[in-house]
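Single-structure report; data block below.
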Amino acid sequence: MNVRVRPGGSRGLPPLGRAPLDRGLVGPRERDSVWWRVDWVILGSALVLSGLGALLIWSATRPRLLDVGEDPDSYLQRHLLNLGIGLVLGTVFAVVDYRALRAYAPLVYLASCVGLVAVLLIGTTINGAHSWIVIGGGFQIQPSEFAKVALVVGMAVLLAERSTQEHSSRGADVPLVLAMAAVPLGLVMLQPDLGTAMVFVFTVLGVLLLSGAPVRWLFGLIAAGIVVIVASIQLGVLKEYQLERFRAFTDQDSDTLGAAYNITQARIAIGNGGLFGTGLFEGTQTNGKFVPEQQTDFVFTVAGEELGLVGAGGIIVLFGLLLWRALRLAGRSPDLFGRLVAGGVACWFAFQTFVNIGMTLGIMPITGLPLPFVSYGGSSMFANWMAVGLLLNVHARGLETDRF
Amino acid sequence: MTSIRLAVVRILVVSMLLTLGARLYFLQVLDQDKLVQTANRQQTREVVLAAPRGAVVDDRGRPLVTNRTSLVVSVNRSELLTEPDKGAGVLQRLSKLIKVPAAELERRITPCARDVPRPCWNGSPYQPVPVVTDTTPSVVLTIAERQELYPGVRAESQTLRQYPYGSLAAHSLGYTGPVNQDELDAAERAGGTDLHLNAQIGRSGLEKTYDADLRGTDGVRYVTVDNRGTVLGTQRETSPERGNTLVTSLDRDVQKIADKALATEIAKRRTQTDKEGRRYVAPSGAAVVMDPRTGRVIALSTTPTYDPTVFVGGISRAELARLTDGDAGTPLVSRAVSGQFAPGSTFKLSTTAAEVMSGRAPLNGRYACPGTLQVGNRTKDNYEGIGIPGTIDLRIALAKSCDTIYYAFAQTDWYSDEARVEAGQKAAETLQRMARAFGFGREPGLDVPSGEQTAGRIVDRGFKKARWDANKSTYCADARRGYPEVTDGSRRAFLTQLAAENCSDGWRFRVGDAADLSIGQGETTVSPLQLAVAYSALVNGGVVWEPRLGRAILDPSGRVVREIRPKVRGKVPVTAEVLNYIRASLAFTPENGASGSAAFAGFPLDKVLIGGKTGTAEVFGKQDTSWFASWAPANGQARYVVVAMVEQAGLGAQAAAPVTRAIYEGIFGLNGKKAAFPGGRAPTTVPKVTGDKAAGG
């Protein structure tokens, strides 16, 4: 990826690209290289995860596609196309002017809210959630994925703009942030997409925590959240299929052909992998199509069966690397905006990874969240790479401020 | 402040990842065995490769039961039930495809239970139920190609039993049926044999007795399947091993001759009338041909009979009802082996031997043969009350079948026994002892299942006492009640008196019982096979065989795995002199003028001398049972014993004897008939037969 675009120095910031190769300089000047400004650990782990995802999706979809007489590589091709688009979007987000991001943030936020409203009006229901807008040609958009990006950037902008000094927010900002988050959260709940809503909540809490919001607010929010959850179960707000998933989660041996089928099959596939796995494309459970939704929500089971503890554990380690670098970035960011963006993305990825892998391992309920970078799905891939772009942008920005 | 908050987030993230890692380690390393087993269980299916069942061939290696391949559609009900609509849609589609009403399909696959109407499924509830056999390749293709429309439905080629000669020797051969759950469970408990869900096992006759030999060893193919059961590949497989061939001593040609003779004579007899002008009913008959020297059975014929093909692929309700219908003569039951009938005078073989050996009737004695004889408080007749003037010897008594001589013997025996009982001794029961020695009153031990051969009945004191002990309360209650439901006054009185007699004296073995027994009447019953065994003993020097239909077991390459030999059950306690005397008395020589010889007018007795005893057994409320027990040649070593029986057909000489005559003519090739056995001699060696040639499939 050649990031030689000038992200615009119109606001008096030093230009990002110095085209070091043109000058043929090495040695101390290397710090100025665009290559240096890229956080290779973040980029590398995201790329490796996406690549692994391609292989796993290929392995999971081949037998299914052959079964119905279609091109066995079509999902792989689509995934690689999605990855390509994701990389372009990521590049854009990485190189766009840091200030421009803040300027356009309200627009992005509004656009994602419009998207979430649109999905309620013209969306399509898949697996019980009204989350997709079909745009023809076999493509569909899941606005809630983009809303995650919008929410992180939106909160960061709001908190950073309002804070007097760039390093902490006041208690008065909290209701404002909550109000801002409430709109997409409410819309997502209406779909209903509980998983995404949970990611929103966790991300909001993380961002508020890192923004320096008063601790009493945070505990108050957590308490309120618990009340809302209990009340929604008691009052029957949750749909029957959602309750069933939770029941299947709490009693996993209850009904191996009904609601607990997914959980049981996921565990069997993962257990079948053992230490080193059956080898790519060799998984009997995967080839047998026993695990439903195996290219999307349950893609981790392919890794578990075919790559074993080594491969599946490797995926967790890769996420660990990514999150470690993102949180390191949050700690080193010179401004509150950068810290909150990096921290927000980290919280989002961390929680979504935990919920997704946790559900395949039977320690979290099934909520229909994709595994970042690895699961098949365009919207998710795009949003994840936008987030990576944001991280890289913050990283580069941090290096610049270092130099002042 | 900030770094603390960041640390909180870091700790949270790290602990989440560690949780995932730990759980992953648990599932893939610590808990792995259980999950791998589950995985193997759900991804591996056993496909049974049915071993072709061995053939059953005759004494010359000609197939009596073979296999054929058929395209069979079967439905797995347990798979259907996992469909959202319990398989109703699948059955509808299948119904259209194979043109069988869906309701009928539903009934056929429903496991049999107390309240389930037939036809229902008798096999294991987990096994595919064949719903149609001999379907077309296009049906098979449709089902195979559109498996998503027909989950749980399978269409494949199966080997089915085939009976090249239809009903020929049906009762001996028996039939097969699908294994049931109890048998599968029993096999499992016994250490998991090769019995599989789809197995067909012998249910009757030789198929059942030699099931283990015939069945072979099914192969198993372990295949990998996907979530819908579609086969992805083969892991490993063991090939099926064809079952062994059963060589029998049955001879196809002799069996055909016997069947035809029986059918012909029965048909003829039904056109004739008895002395009261009634047509003979002749509802059933049997014929037995056995080799007295070896105890091997050459033909077992029963009328009415059936074609075991009806059992192939599952018998229908109507067919089964027809085969077990008493009004239709229960064709499923072998009259030759399972039928029990009063033997009449054929039984005098045993009585004569007993009386001579006990010293009551020396061979050189002369005895009166009055028309009637007072036995106890009843007067008993000779046949039609005609006696023979003066005195006669035992030869004439046997040849002319005088009953009163035997009544007198039995009466004397009875009084002696009563005296012994009075004196606190055991009754000698000479007649019964000899009858048992000849094989009457116990199962003959033929190599068909125990339930398919009758022991007959020889009545003695012990039997009557045991029966009375079991039933006396009923007799006494009936006597007290006095049959108020019977409207006819005299009949009511008769029944009441009978019940009263049974109540007080039913345990008694009376002199009349002894007299009845002596001439094979009263409660005495035997099967045609038992009579053949007894007459074999007469002509083979006294050896009582446990007869055999099986001759040898051959492996598929034709090698003899083992020979099946009839067992010697014992020797009758009769001297050779006495046996010779009885044989000579019953030979159809001109000087004997035997009662059955009329039926052999025109038969070349000078070439093949026949010996035989007729029997005409009276049955209460029915026409007489016609018997003829015979052997040939009677001048020299007898090679064949032939027994024939026709129910409700009058004199032994008039129905049964002509049947045996036709059989002898066929065996020896007399009177223009082609000899079934070259030179009239049955083969003595085991034929060489290879499995694939004989069984096919």
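Scheme for the structure tokens: letters A, B, ... for chains in order shown; per-chain residue numbers from 1; ligand numbers from 1 in order shown.
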
Residues of stretch 19-76 of chain B within 8 Å of stretch 153-168 of chain B: nearest atom pair and distance (Å, one decimal) for each, counting only C-alpha atoms, sorted by chain and number, as a Markdown table?
```
| residue | atom | partner | partner_atom | distance |
| --- | --- | --- | --- | --- |
| B:Ala50 | CA | B:Gln158 | CA | 8.0 |
| B:Pro52 | CA | B:Thr159 | CA | 6.5 |
| B:Pro63 | CA | B:Pro164 | CA | 7.5 |
| B:Leu64 | CA | B:Tyr163 | CA | 6.3 |
| B:Val65 | CA | B:Tyr163 | CA | 4.9 |
| B:Thr66 | CA | B:Gln162 | CA | 5.0 |
| B:Asn67 | CA | B:Arg161 | CA | 4.6 |
| B:Arg68 | CA | B:Leu160 | CA | 5.4 |
| B:Thr69 | CA | B:Thr159 | CA | 4.3 |
| B:Ser70 | CA | B:Gln158 | CA | 5.4 |
| B:Leu71 | CA | B:Ser157 | CA | 4.4 |
| B:Val72 | CA | B:Glu156 | CA | 5.6 |
| B:Val73 | CA | B:Ala155 | CA | 4.3 |
| B:Ser74 | CA | B:Arg154 | CA | 5.3 |
| B:Val75 | CA | B:Val153 | CA | 4.5 |
| B:Asn76 | CA | B:Val153 | CA | 6.3 |
```

Between chain B and chain A, at 7 Å or less, what are the per-residue closest atom pairs and their distances in Å? Count only C-alpha atoms, order by chain and rising residue number, and return it as JSON lines.
```
{"residue": "B:Thr2", "atom": "CA", "partner": "A:Leu210", "partner_atom": "CA", "distance": 6.8}
{"residue": "B:Arg5", "atom": "CA", "partner": "A:Leu210", "partner_atom": "CA", "distance": 5.9}
{"residue": "B:Leu6", "atom": "CA", "partner": "A:Leu210", "partner_atom": "CA", "distance": 6.3}
{"residue": "B:Val13", "atom": "CA", "partner": "A:Ala350", "partner_atom": "CA", "distance": 6.2}
{"residue": "B:Met16", "atom": "CA", "partner": "A:Phe354", "partner_atom": "CA", "distance": 6.3}
{"residue": "B:Leu17", "atom": "CA", "partner": "A:Ile316", "partner_atom": "CA", "distance": 6.7}
{"residue": "B:Leu20", "atom": "CA", "partner": "A:Gly358", "partner_atom": "CA", "distance": 6.3}
{"residue": "B:Gly21", "atom": "CA", "partner": "A:Gly313", "partner_atom": "CA", "distance": 6.4}
{"residue": "B:Arg23", "atom": "CA", "partner": "A:Leu361", "partner_atom": "CA", "distance": 6.8}
{"residue": "B:Leu24", "atom": "CA", "partner": "A:Leu361", "partner_atom": "CA", "distance": 6.8}
{"residue": "B:Tyr25", "atom": "CA", "partner": "A:Leu309", "partner_atom": "CA", "distance": 6.8}
{"residue": "B:Leu27", "atom": "CA", "partner": "A:Gly271", "partner_atom": "CA", "distance": 5.2}
{"residue": "B:Gln28", "atom": "CA", "partner": "A:Gly274", "partner_atom": "CA", "distance": 4.4}
{"residue": "B:Val29", "atom": "CA", "partner": "A:Gly274", "partner_atom": "CA", "distance": 5.8}
{"residue": "B:Gln32", "atom": "CA", "partner": "A:Gly271", "partner_atom": "CA", "distance": 5.0}
{"residue": "B:Leu35", "atom": "CA", "partner": "A:Ile268", "partner_atom": "CA", "distance": 5.0}
{"residue": "B:Val36", "atom": "CA", "partner": "A:Asn272", "partner_atom": "CA", "distance": 4.6}
{"residue": "B:Thr38", "atom": "CA", "partner": "A:Ile268", "partner_atom": "CA", "distance": 6.8}
{"residue": "B:Ala39", "atom": "CA", "partner": "A:Ile268", "partner_atom": "CA", "distance": 5.9}
{"residue": "B:Gln43", "atom": "CA", "partner": "A:Gly288", "partner_atom": "CA", "distance": 6.9}
{"residue": "B:Val225", "atom": "CA", "partner": "A:Gly288", "partner_atom": "CA", "distance": 6.1}
{"residue": "B:Asp226", "atom": "CA", "partner": "A:Gly288", "partner_atom": "CA", "distance": 3.5}
{"residue": "B:Asn227", "atom": "CA", "partner": "A:Phe290", "partner_atom": "CA", "distance": 4.9}
```

Selection near B:Leu197, 12 Å with only C-alpha atoms, sequence-local residues under 4 positions removed, as a PyMOL selection string: chain B and resi 46-50+76+123-129+178-185+187-188+193+201+218+220

Filtering to N, CA, C and O atoms, could you give me those residues as an mmCIF file, in the first residue's frame?
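Saved as selection-v4.cif:
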```cif
data_model
loop_
_atom_site.group_PDB
_atom_site.id
_atom_site.type_symbol
_atom_site.label_atom_id
_atom_site.label_comp_id
_atom_site.auth_asym_id
_atom_site.auth_seq_id
_atom_site.Cartn_x
_atom_site.Cartn_y
_atom_site.Cartn_z
ATOM 1 N N GLU B 46 -22.712 -45.894 8.676
ATOM 2 C CA GLU B 46 -22.453 -47.247 8.208
ATOM 3 C C GLU B 46 -23.440 -47.571 7.108
ATOM 4 O O GLU B 46 -24.639 -47.428 7.302
ATOM 5 N N VAL B 47 -22.924 -47.968 5.990
ATOM 6 C CA VAL B 47 -23.806 -48.456 4.935
ATOM 7 C C VAL B 47 -23.599 -49.958 4.851
ATOM 8 O O VAL B 47 -22.476 -50.419 4.645
ATOM 9 N N VAL B 48 -24.655 -50.681 5.084
ATOM 10 C CA VAL B 48 -24.533 -52.137 5.068
ATOM 11 C C VAL B 48 -24.544 -52.627 3.625
ATOM 12 O O VAL B 48 -25.413 -52.260 2.845
ATOM 13 N N LEU B 49 -23.535 -53.384 3.296
ATOM 14 C CA LEU B 49 -23.500 -54.009 1.977
ATOM 15 C C LEU B 49 -24.002 -55.429 2.175
ATOM 16 O O LEU B 49 -23.280 -56.285 2.679
ATOM 17 N N ALA B 50 -25.253 -55.634 1.837
ATOM 18 C CA ALA B 50 -25.891 -56.903 2.158
ATOM 19 C C ALA B 50 -25.206 -58.050 1.429
ATOM 20 O O ALA B 50 -24.965 -57.987 0.233
ATOM 21 N N ASN B 76 -37.162 -44.395 5.305
ATOM 22 C CA ASN B 76 -36.715 -44.397 6.697
ATOM 23 C C ASN B 76 -37.612 -43.469 7.501
ATOM 24 O O ASN B 76 -37.538 -42.258 7.387
ATOM 25 N N GLY B 123 -40.291 -54.835 11.183
ATOM 26 C CA GLY B 123 -38.866 -54.789 11.465
ATOM 27 C C GLY B 123 -38.514 -53.702 12.468
ATOM 28 O O GLY B 123 -39.373 -53.180 13.171
ATOM 29 N N SER B 124 -37.259 -53.398 12.528
ATOM 30 C CA SER B 124 -36.783 -52.375 13.446
ATOM 31 C C SER B 124 -37.326 -51.008 13.024
ATOM 32 O O SER B 124 -37.355 -50.686 11.845
ATOM 33 N N PRO B 125 -37.763 -50.203 13.990
ATOM 34 C CA PRO B 125 -38.303 -48.882 13.629
ATOM 35 C C PRO B 125 -37.254 -47.944 13.044
ATOM 36 O O PRO B 125 -37.589 -46.912 12.485
ATOM 37 N N TYR B 126 -35.968 -48.282 13.184
ATOM 38 C CA TYR B 126 -34.937 -47.385 12.675
ATOM 39 C C TYR B 126 -34.463 -47.782 11.288
ATOM 40 O O TYR B 126 -33.576 -47.186 10.737
ATOM 41 N N GLN B 127 -35.010 -48.833 10.754
ATOM 42 C CA GLN B 127 -34.487 -49.287 9.481
ATOM 43 C C GLN B 127 -35.406 -48.878 8.345
ATOM 44 O O GLN B 127 -36.605 -48.686 8.545
ATOM 45 N N PRO B 128 -34.838 -48.687 7.170
ATOM 46 C CA PRO B 128 -35.673 -48.295 6.034
ATOM 47 C C PRO B 128 -36.674 -49.402 5.700
ATOM 48 O O PRO B 128 -36.325 -50.573 5.680
ATOM 49 N N VAL B 129 -37.892 -48.984 5.479
ATOM 50 C CA VAL B 129 -38.948 -49.950 5.173
ATOM 51 C C VAL B 129 -39.125 -50.016 3.664
ATOM 52 O O VAL B 129 -39.393 -48.992 3.038
ATOM 53 N N PRO B 178 -37.653 -59.432 7.454
ATOM 54 C CA PRO B 178 -36.719 -58.466 8.017
ATOM 55 C C PRO B 178 -36.492 -58.731 9.507
ATOM 56 O O PRO B 178 -37.395 -59.154 10.219
ATOM 57 N N VAL B 179 -35.281 -58.491 9.920
ATOM 58 C CA VAL B 179 -34.923 -58.669 11.321
ATOM 59 C C VAL B 179 -35.711 -57.659 12.151
ATOM 60 O O VAL B 179 -36.026 -56.563 11.672
ATOM 61 N N ASN B 180 -36.094 -58.040 13.363
ATOM 62 C CA ASN B 180 -36.808 -57.078 14.199
ATOM 63 C C ASN B 180 -35.922 -56.564 15.326
ATOM 64 O O ASN B 180 -34.818 -57.046 15.541
ATOM 65 N N GLN B 181 -36.430 -55.559 16.018
ATOM 66 C CA GLN B 181 -35.603 -54.860 17.003
ATOM 67 C C GLN B 181 -35.163 -55.791 18.129
ATOM 68 O O GLN B 181 -34.024 -55.719 18.588
ATOM 69 N N ASP B 182 -36.034 -56.685 18.556
ATOM 70 C CA ASP B 182 -35.672 -57.604 19.631
ATOM 71 C C ASP B 182 -34.476 -58.449 19.232
ATOM 72 O O ASP B 182 -33.551 -58.672 20.013
ATOM 73 N N GLU B 183 -34.500 -58.930 17.993
ATOM 74 C CA GLU B 183 -33.389 -59.765 17.527
ATOM 75 C C GLU B 183 -32.107 -58.968 17.420
ATOM 76 O O GLU B 183 -31.025 -59.460 17.748
ATOM 77 N N LEU B 184 -32.241 -57.722 16.972
ATOM 78 C CA LEU B 184 -31.060 -56.866 16.898
ATOM 79 C C LEU B 184 -30.490 -56.641 18.289
ATOM 80 O O LEU B 184 -29.286 -56.722 18.502
ATOM 81 N N ASP B 185 -31.381 -56.363 19.240
ATOM 82 C CA ASP B 185 -30.933 -56.145 20.617
ATOM 83 C C ASP B 185 -30.275 -57.396 21.167
ATOM 84 O O ASP B 185 -29.224 -57.323 21.816
ATOM 85 N N ALA B 187 -28.833 -59.751 19.487
ATOM 86 C CA ALA B 187 -27.541 -59.933 18.824
ATOM 87 C C ALA B 187 -26.495 -59.013 19.437
ATOM 88 O O ALA B 187 -25.351 -59.388 19.650
ATOM 89 N N GLU B 188 -26.936 -57.803 19.757
ATOM 90 C CA GLU B 188 -26.028 -56.827 20.369
ATOM 91 C C GLU B 188 -25.541 -57.335 21.717
ATOM 92 O O GLU B 188 -24.358 -57.307 22.019
ATOM 93 N N THR B 193 -23.070 -59.395 16.603
ATOM 94 C CA THR B 193 -22.742 -60.237 15.462
ATOM 95 C C THR B 193 -22.850 -59.413 14.196
ATOM 96 O O THR B 193 -22.822 -58.192 14.238
ATOM 97 N N ILE B 201 -33.694 -62.293 7.721
ATOM 98 C CA ILE B 201 -33.296 -63.530 8.372
ATOM 99 C C ILE B 201 -34.359 -64.590 8.151
ATOM 100 O O ILE B 201 -35.514 -64.280 7.864
ATOM 101 N N ASP B 218 -22.510 -59.681 6.118
ATOM 102 C CA ASP B 218 -22.708 -58.396 5.446
ATOM 103 C C ASP B 218 -21.419 -57.596 5.481
ATOM 104 O O ASP B 218 -20.669 -57.658 6.451
ATOM 105 N N VAL B 220 -19.619 -53.785 5.436
ATOM 106 C CA VAL B 220 -19.978 -52.463 5.939
ATOM 107 C C VAL B 220 -19.091 -51.444 5.237
ATOM 108 O O VAL B 220 -17.886 -51.625 5.132
#
```

Shell of 9 Å around B:Ser350, only C-alpha atoms, local chain residues under 6 positions omitted, as a PyMOL selection string: chain B and resi 431-432+434-435+437-438+518+534

Write a file of the just-selected residues containing N, CA, C and O atoms, as a tab-separated table (two decimals), in the first residue's frame.
```tsv
chain	number	residue	atom	x	y	z
B	431	LEU	N	-48.40	-100.64	25.01
B	431	LEU	CA	-48.69	-100.00	23.72
B	431	LEU	C	-48.02	-98.64	23.62
B	431	LEU	O	-47.41	-98.30	22.61
B	432	GLN	N	-48.18	-97.85	24.70
B	432	GLN	CA	-47.62	-96.50	24.67
B	432	GLN	C	-46.11	-96.53	24.59
B	432	GLN	O	-45.49	-95.71	23.89
B	434	MET	N	-44.18	-98.80	23.28
B	434	MET	CA	-43.74	-99.14	21.93
B	434	MET	C	-43.99	-97.97	20.97
B	434	MET	O	-43.16	-97.68	20.11
B	435	ALA	N	-45.14	-97.31	21.15
B	435	ALA	CA	-45.45	-96.17	20.27
B	435	ALA	C	-44.36	-95.11	20.37
B	435	ALA	O	-43.88	-94.58	19.37
B	437	ALA	N	-41.33	-95.61	21.30
B	437	ALA	CA	-40.08	-96.13	20.72
B	437	ALA	C	-40.07	-95.94	19.21
B	437	ALA	O	-39.02	-95.69	18.61
B	438	PHE	N	-41.25	-96.02	18.58
B	438	PHE	CA	-41.34	-95.79	17.13
B	438	PHE	C	-41.34	-94.30	16.77
B	438	PHE	O	-41.42	-93.95	15.60
B	518	SER	N	-55.06	-98.79	20.43
B	518	SER	CA	-54.49	-99.96	19.76
B	518	SER	C	-54.69	-99.89	18.24
B	518	SER	O	-53.89	-100.41	17.48
B	534	ALA	N	-41.59	-94.10	11.57
B	534	ALA	CA	-41.91	-95.39	12.17
B	534	ALA	C	-41.79	-96.51	11.15
B	534	ALA	O	-41.21	-97.57	11.42
```

Distance of atom CA of B:Ala51 from atom CA of B:Phe311, expressed in Å to one decimal place: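 Computing the Euclidean distance for atom CA of B:Phe311 and atom CA of B:Ala51 yields 19.0 Å.
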
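Within stretch 444-569 of chain B, DSSP applied to the backbone places the following residues in strand (DSSP E): B:Val543, B:Val544, B:Trp545, B:Glu546, B:Gly550, B:Arg551, B:Ala552, B:Ile553, B:Leu554, B:Val560, B:Val561, B:Arg562, B:Glu563, B:Lys567, B:Val568, B:Arg569.
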
Residue among A:Val230, A:Leu318, A:Ala266, A:Gly220 lying closest to A:Val302, counting only C-alpha atoms: A:Ala266

Given only C-alpha atoms as the counted atoms, nearest of B:Asn592, B:Arg480, B:Arg508, B:Asn382 to B:Val421: B:Arg508

Option closest in space to B:Thr524, from B:Tyr475, B:Tyr664, B:Tyr581, B:Phe341 [counting only C-alpha atoms]: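 So, comparing all the options, the nearest one is B:Phe341.
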
Contact residues around A:Ile42 with only C-alpha atoms at 9 Å, ignoring same-chain residues under 4 positions, as a PyMOL selection string: chain A and resi 38+46-47+321-326+388+391-392

Å distance separating atom CA of A:Gly311 from atom CA of B:Gly233, one decimal place: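 These two atoms are separated by 26.1 Å.
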
Among listed residues A:Ser232, A:Gln191, A:Ser375, A:Gln294, nearest A:Gly51 (using only C-alpha atoms):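 Between A:Ser232, A:Gln191, A:Ser375, A:Gln294, the residue approaching A:Gly51 most closely is A:Ser375.
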
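Look at stretch 364-380 of chain B: the protein and nucleic acid residues within 6 Å of it, using only C-alpha atoms and passing over chain neighbours fewer than 3 places away, are Gly385, Ile386, Gly387, Ile388, Thr391, Ile392, Asp393, Thr404 and Ile405 of chain B.
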
Which of stretch 486-687 of chain B DSSP labels alpha helix (DSSP H), written as a PyMOL selection string: chain B and resi 489-505+511-518+528-539+576-586+656-668

Pairwise distance for atom CA of B:Leu446 and atom CA of B:Val642, rounded to one decimal in Å: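 Interatomic distance, atom CA of B:Leu446 to atom CA of B:Val642: 16.4 Å.
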